[in-house]
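The next block holds one structure in the form of structure tokens; read it before the comments.
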Amino acid sequence: MLEDLSVVGISWRHNGSEGLERYALDEDKLAETLRDFADRAGLAELAYLSTCNRVELIFARTAATPSRDLRPLAYELLTGSAAAPGDAERTLKAWQGEGACEHLFLVAAGLDSAAVGEVEIAGQVRQCHELALQSRLSGPRLELLFEEALKIAAVVRGETGLSAGRVSL
């Protein structure tokens, strides 16, 4: 199950916050755009996370999905143009399997934020999951992944005091 999960995206760490709007999808057509991308890429499940500090696609492959790097397809989706050879791989970061899970756990808990402990991120992760549910793009693997990520975020906030006070950009 874990081996089918992946995350592809870009964050403030790789491109600065200012350039991220170039990778953000049109909110008005988001559900349709994501369904089309999932069909084209052969994905069983797909979620889209966009914040002021990151744009990421979280997905689960099917048994029929070719096990190839989907960064070129993701780059085309996010920018609206095909990547020159190597551009997608240099621009977008990718996590797979256990690494993808760990990445989302760190993001949801605010541990991979420009302001560590950022309180808004858990809500943005929750909205990302809700959009995937509403778009009929979430299935058992993403359900479990988001459920665990949000549980871990709550534990981190509750037990560490990391987000004590108002932590935000």
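The way I read the labels, and the way they are meant: chains A, B, ... in the order of the structure tokens, residue 1 as the first residue of every chain, and ligand 1 as the first ligand shown, with later ones counted on from there.
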
Report as a PyMOL selection string all protein, DNA and RNA residues lying within 6 Å of range 42-48 of chain A, evaluated on only C-alpha atoms, omitting residues in the same chain fewer than 3 positions from it.
chain A and resi 38-39+56-62+65+128+132+137-139

Output file for the selection above: N, CA, C and O atoms, as a PDB file, in the first residue's frame:
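Result file follows (again_2.pdb):
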ATOM      1  N   ALA A  38      -5.695  12.828 -13.422  1.00  0.00           N
ATOM      2  CA  ALA A  38      -5.687  11.475 -12.861  1.00  0.00           C
ATOM      3  C   ALA A  38      -5.948  10.444 -13.953  1.00  0.00           C
ATOM      4  O   ALA A  38      -5.266   9.410 -14.018  1.00  0.00           O
ATOM      5  N   ASP A  39      -6.885  10.721 -14.834  1.00  0.00           N
ATOM      6  CA  ASP A  39      -7.180   9.805 -15.944  1.00  0.00           C
ATOM      7  C   ASP A  39      -5.981   9.684 -16.879  1.00  0.00           C
ATOM      8  O   ASP A  39      -5.582   8.584 -17.256  1.00  0.00           O
ATOM      9  N   GLU A  56       1.665  20.981  -4.292  1.00  0.00           N
ATOM     10  CA  GLU A  56       2.010  19.567  -4.352  1.00  0.00           C
ATOM     11  C   GLU A  56       0.839  18.727  -4.826  1.00  0.00           C
ATOM     12  O   GLU A  56      -0.322  19.034  -4.537  1.00  0.00           O
ATOM     13  N   LEU A  57       1.164  17.664  -5.532  1.00  0.00           N
ATOM     14  CA  LEU A  57       0.206  16.646  -5.935  1.00  0.00           C
ATOM     15  C   LEU A  57       0.506  15.408  -5.101  1.00  0.00           C
ATOM     16  O   LEU A  57       1.658  14.962  -5.035  1.00  0.00           O
ATOM     17  N   ILE A  58      -0.516  14.876  -4.451  1.00  0.00           N
ATOM     18  CA  ILE A  58      -0.388  13.699  -3.607  1.00  0.00           C
ATOM     19  C   ILE A  58      -1.232  12.631  -4.284  1.00  0.00           C
ATOM     20  O   ILE A  58      -2.418  12.865  -4.545  1.00  0.00           O
ATOM     21  N   PHE A  59      -0.646  11.487  -4.591  1.00  0.00           N
ATOM     22  CA  PHE A  59      -1.410  10.530  -5.384  1.00  0.00           C
ATOM     23  C   PHE A  59      -1.052   9.086  -5.067  1.00  0.00           C
ATOM     24  O   PHE A  59      -0.029   8.796  -4.461  1.00  0.00           O
ATOM     25  N   ALA A  60      -1.960   8.212  -5.506  1.00  0.00           N
ATOM     26  CA  ALA A  60      -1.762   6.770  -5.417  1.00  0.00           C
ATOM     27  C   ALA A  60      -1.859   6.204  -6.821  1.00  0.00           C
ATOM     28  O   ALA A  60      -2.764   6.548  -7.576  1.00  0.00           O
ATOM     29  N   ARG A  61      -0.910   5.360  -7.150  1.00  0.00           N
ATOM     30  CA  ARG A  61      -0.888   4.703  -8.457  1.00  0.00           C
ATOM     31  C   ARG A  61      -1.819   3.486  -8.433  1.00  0.00           C
ATOM     32  O   ARG A  61      -2.134   2.962  -7.374  1.00  0.00           O
ATOM     33  N   THR A  62      -2.198   3.027  -9.614  1.00  0.00           N
ATOM     34  CA  THR A  62      -2.910   1.760  -9.746  1.00  0.00           C
ATOM     35  C   THR A  62      -1.905   0.700 -10.162  1.00  0.00           C
ATOM     36  O   THR A  62      -0.766   1.022 -10.497  1.00  0.00           O
ATOM     37  N   THR A  65      -0.679   1.635 -13.528  1.00  0.00           N
ATOM     38  CA  THR A  65       0.082   2.867 -13.726  1.00  0.00           C
ATOM     39  C   THR A  65       1.542   2.517 -13.976  1.00  0.00           C
ATOM     40  O   THR A  65       2.150   1.816 -13.174  1.00  0.00           O
ATOM     41  N   CYS A 128      -7.421  20.251   1.423  1.00  0.00           N
ATOM     42  CA  CYS A 128      -6.893  19.471   0.298  1.00  0.00           C
ATOM     43  C   CYS A 128      -7.584  18.114   0.252  1.00  0.00           C
ATOM     44  O   CYS A 128      -8.040  17.667  -0.809  1.00  0.00           O
ATOM     45  N   ALA A 132     -10.329  16.505  -2.546  1.00  0.00           N
ATOM     46  CA  ALA A 132     -10.156  15.192  -3.168  1.00  0.00           C
ATOM     47  C   ALA A 132     -11.402  14.331  -2.958  1.00  0.00           C
ATOM     48  O   ALA A 132     -11.842  13.628  -3.873  1.00  0.00           O
ATOM     49  N   LEU A 137     -11.817  11.780  -5.971  1.00  0.00           N
ATOM     50  CA  LEU A 137     -10.444  11.374  -6.281  1.00  0.00           C
ATOM     51  C   LEU A 137      -9.729  10.762  -5.081  1.00  0.00           C
ATOM     52  O   LEU A 137      -8.566  10.391  -5.184  1.00  0.00           O
ATOM     53  N   SER A 138     -10.414  10.680  -3.956  1.00  0.00           N
ATOM     54  CA  SER A 138      -9.806  10.096  -2.766  1.00  0.00           C
ATOM     55  C   SER A 138     -10.357   8.688  -2.586  1.00  0.00           C
ATOM     56  O   SER A 138     -11.538   8.444  -2.772  1.00  0.00           O
ATOM     57  N   GLY A 139      -9.467   7.785  -2.253  1.00  0.00           N
ATOM     58  CA  GLY A 139      -9.835   6.401  -2.005  1.00  0.00           C
ATOM     59  C   GLY A 139      -9.205   5.935  -0.707  1.00  0.00           C
ATOM     60  O   GLY A 139      -8.744   6.755   0.094  1.00  0.00           O
TER      61      GLY A 139
END

Neighbours of range 74-90 of chain A within 7 Å (only C-alpha atoms; same-chain residues fewer than 4 positions away dropped), as an NGL selection string?
:A and (22-25 or 70)

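Each of A:Val116, A:Cys101, A:Thr33, A:Gln134 was compared to Glu147 in chain A using only C-alpha atoms, and A:Cys101 turns out to be the nearest.
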
So that I can check the secondary structure, give me every residue of range 2-56 of chain A assigned strand (DSSP E) by backbone DSSP, as a PDB file with N, CA and C atoms, in the first residue's frame.
ATOM      1  N   LEU A   5       1.990   5.181  -2.958  1.00  0.00           N
ATOM      2  CA  LEU A   5       1.797   6.592  -2.640  1.00  0.00           C
ATOM      3  C   LEU A   5       2.986   7.430  -3.101  1.00  0.00           C
ATOM      4  N   SER A   6       2.687   8.616  -3.621  1.00  0.00           N
ATOM      5  CA  SER A   6       3.736   9.544  -4.066  1.00  0.00           C
ATOM      6  C   SER A   6       3.305  10.985  -3.841  1.00  0.00           C
ATOM      7  N   VAL A   7       4.282  11.852  -3.750  1.00  0.00           N
ATOM      8  CA  VAL A   7       4.073  13.297  -3.694  1.00  0.00           C
ATOM      9  C   VAL A   7       5.044  13.915  -4.688  1.00  0.00           C
ATOM     10  N   VAL A   8       4.546  14.845  -5.482  1.00  0.00           N
ATOM     11  CA  VAL A   8       5.373  15.603  -6.413  1.00  0.00           C
ATOM     12  C   VAL A   8       5.007  17.069  -6.233  1.00  0.00           C
ATOM     13  N   GLY A   9       5.994  17.931  -6.107  1.00  0.00           N
ATOM     14  CA  GLY A   9       5.659  19.341  -5.967  1.00  0.00           C
ATOM     15  C   GLY A   9       6.869  20.234  -5.794  1.00  0.00           C
ATOM     16  N   ILE A  10       6.549  21.443  -5.443  1.00  0.00           N
ATOM     17  CA  ILE A  10       7.564  22.482  -5.276  1.00  0.00           C
ATOM     18  C   ILE A  10       7.203  23.283  -4.031  1.00  0.00           C
ATOM     19  N   SER A  11       8.219  23.738  -3.316  1.00  0.00           N
ATOM     20  CA  SER A  11       7.944  24.520  -2.111  1.00  0.00           C
ATOM     21  C   SER A  11       8.863  25.734  -2.044  1.00  0.00           C
ATOM     22  N   LEU A  43      -3.845   7.446 -12.527  1.00  0.00           N
ATOM     23  CA  LEU A  43      -3.792   7.468 -11.069  1.00  0.00           C
ATOM     24  C   LEU A  43      -5.122   7.031 -10.474  1.00  0.00           C
ATOM     25  N   ALA A  44      -5.053   6.246  -9.409  1.00  0.00           N
ATOM     26  CA  ALA A  44      -6.251   5.792  -8.719  1.00  0.00           C
ATOM     27  C   ALA A  44      -6.814   6.892  -7.824  1.00  0.00           C
ATOM     28  N   GLU A  45      -5.928   7.663  -7.225  1.00  0.00           N
ATOM     29  CA  GLU A  45      -6.327   8.694  -6.261  1.00  0.00           C
ATOM     30  C   GLU A  45      -5.404   9.892  -6.435  1.00  0.00           C
ATOM     31  N   LEU A  46      -5.954  11.096  -6.187  1.00  0.00           N
ATOM     32  CA  LEU A  46      -5.171  12.314  -6.390  1.00  0.00           C
ATOM     33  C   LEU A  46      -5.688  13.436  -5.508  1.00  0.00           C
ATOM     34  N   ALA A  47      -4.772  14.166  -4.895  1.00  0.00           N
ATOM     35  CA  ALA A  47      -5.115  15.358  -4.111  1.00  0.00           C
ATOM     36  C   ALA A  47      -4.139  16.462  -4.491  1.00  0.00           C
ATOM     37  N   TYR A  48      -4.600  17.707  -4.336  1.00  0.00           N
ATOM     38  CA  TYR A  48      -3.818  18.891  -4.711  1.00  0.00           C
ATOM     39  C   TYR A  48      -3.721  19.799  -3.499  1.00  0.00           C
ATOM     40  N   LEU A  49      -2.494  20.059  -3.057  1.00  0.00           N
ATOM     41  CA  LEU A  49      -2.244  20.933  -1.915  1.00  0.00           C
ATOM     42  C   LEU A  49      -1.556  22.191  -2.400  1.00  0.00           C
ATOM     43  N   SER A  50      -2.210  23.327  -2.174  1.00  0.00           N
ATOM     44  CA  SER A  50      -1.629  24.608  -2.569  1.00  0.00           C
ATOM     45  C   SER A  50      -1.724  25.559  -1.384  1.00  0.00           C
ATOM     46  N   THR A  51      -0.566  26.053  -0.954  1.00  0.00           N
ATOM     47  CA  THR A  51      -0.509  27.031   0.128  1.00  0.00           C
ATOM     48  C   THR A  51       0.397  28.165  -0.341  1.00  0.00           C
ATOM     49  N   ARG A  54       3.815  26.192  -0.837  1.00  0.00           N
ATOM     50  CA  ARG A  54       4.003  24.940  -1.565  1.00  0.00           C
ATOM     51  C   ARG A  54       2.853  24.670  -2.521  1.00  0.00           C
ATOM     52  N   VAL A  55       3.153  23.915  -3.570  1.00  0.00           N
ATOM     53  CA  VAL A  55       2.149  23.367  -4.481  1.00  0.00           C
ATOM     54  C   VAL A  55       2.554  21.913  -4.676  1.00  0.00           C
ATOM     55  N   GLU A  56       1.665  20.981  -4.292  1.00  0.00           N
ATOM     56  CA  GLU A  56       2.010  19.567  -4.352  1.00  0.00           C
ATOM     57  C   GLU A  56       0.839  18.727  -4.826  1.00  0.00           C
TER      58      GLU A  56
END

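One finds CA of Lys29 in chain A at 26.9 Å from CA of Ala64 in chain A.
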
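CA of Leu131 in chain A to CA of Leu145 in chain A spans 14.7 Å [interatomic distance, one decimal].
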
As a PyMOL selection string, please: the residues near Phe105 in chain A (cut-off 7 Å, only C-alpha atoms, same-chain neighbours under 4 positions excluded).
chain A and resi 101+109+149+152

Print the selection's residues with all heavy atoms to a file, as an mmCIF file, in the first residue's frame.
data_model
loop_
_atom_site.group_PDB
_atom_site.id
_atom_site.type_symbol
_atom_site.label_atom_id
_atom_site.label_comp_id
_atom_site.auth_asym_id
_atom_site.auth_seq_id
_atom_site.Cartn_x
_atom_site.Cartn_y
_atom_site.Cartn_z
ATOM 1 N N CYS A 101 4.766 9.534 2.686
ATOM 2 C CA CYS A 101 3.987 9.613 3.925
ATOM 3 C C CYS A 101 4.667 10.524 4.936
ATOM 4 O O CYS A 101 4.035 11.422 5.509
ATOM 5 C CB CYS A 101 3.799 8.222 4.526
ATOM 6 S SG CYS A 101 2.867 7.098 3.493
ATOM 7 N N ALA A 109 2.064 18.784 10.140
ATOM 8 C CA ALA A 109 2.431 19.184 11.505
ATOM 9 C C ALA A 109 3.079 20.559 11.553
ATOM 10 O O ALA A 109 3.348 21.074 12.638
ATOM 11 C CB ALA A 109 3.371 18.145 12.110
ATOM 12 N N ALA A 149 -1.942 11.781 8.843
ATOM 13 C CA ALA A 149 -1.223 13.062 8.818
ATOM 14 C C ALA A 149 -1.877 14.070 9.758
ATOM 15 O O ALA A 149 -1.186 14.778 10.501
ATOM 16 C CB ALA A 149 -1.178 13.611 7.395
ATOM 17 N N ILE A 152 -1.271 13.060 13.427
ATOM 18 C CA ILE A 152 0.102 13.404 13.823
ATOM 19 C C ILE A 152 0.235 14.907 14.035
ATOM 20 O O ILE A 152 0.872 15.351 14.993
ATOM 21 C CB ILE A 152 1.105 12.875 12.786
ATOM 22 C CG1 ILE A 152 1.190 11.357 12.897
ATOM 23 C CG2 ILE A 152 2.477 13.525 12.940
ATOM 24 C CD1 ILE A 152 1.943 10.680 11.782
#

Got a sec to tell me which of range 24-159 of chain A DSSP assigns to alpha helix (DSSP H), as a count of residues only?
72
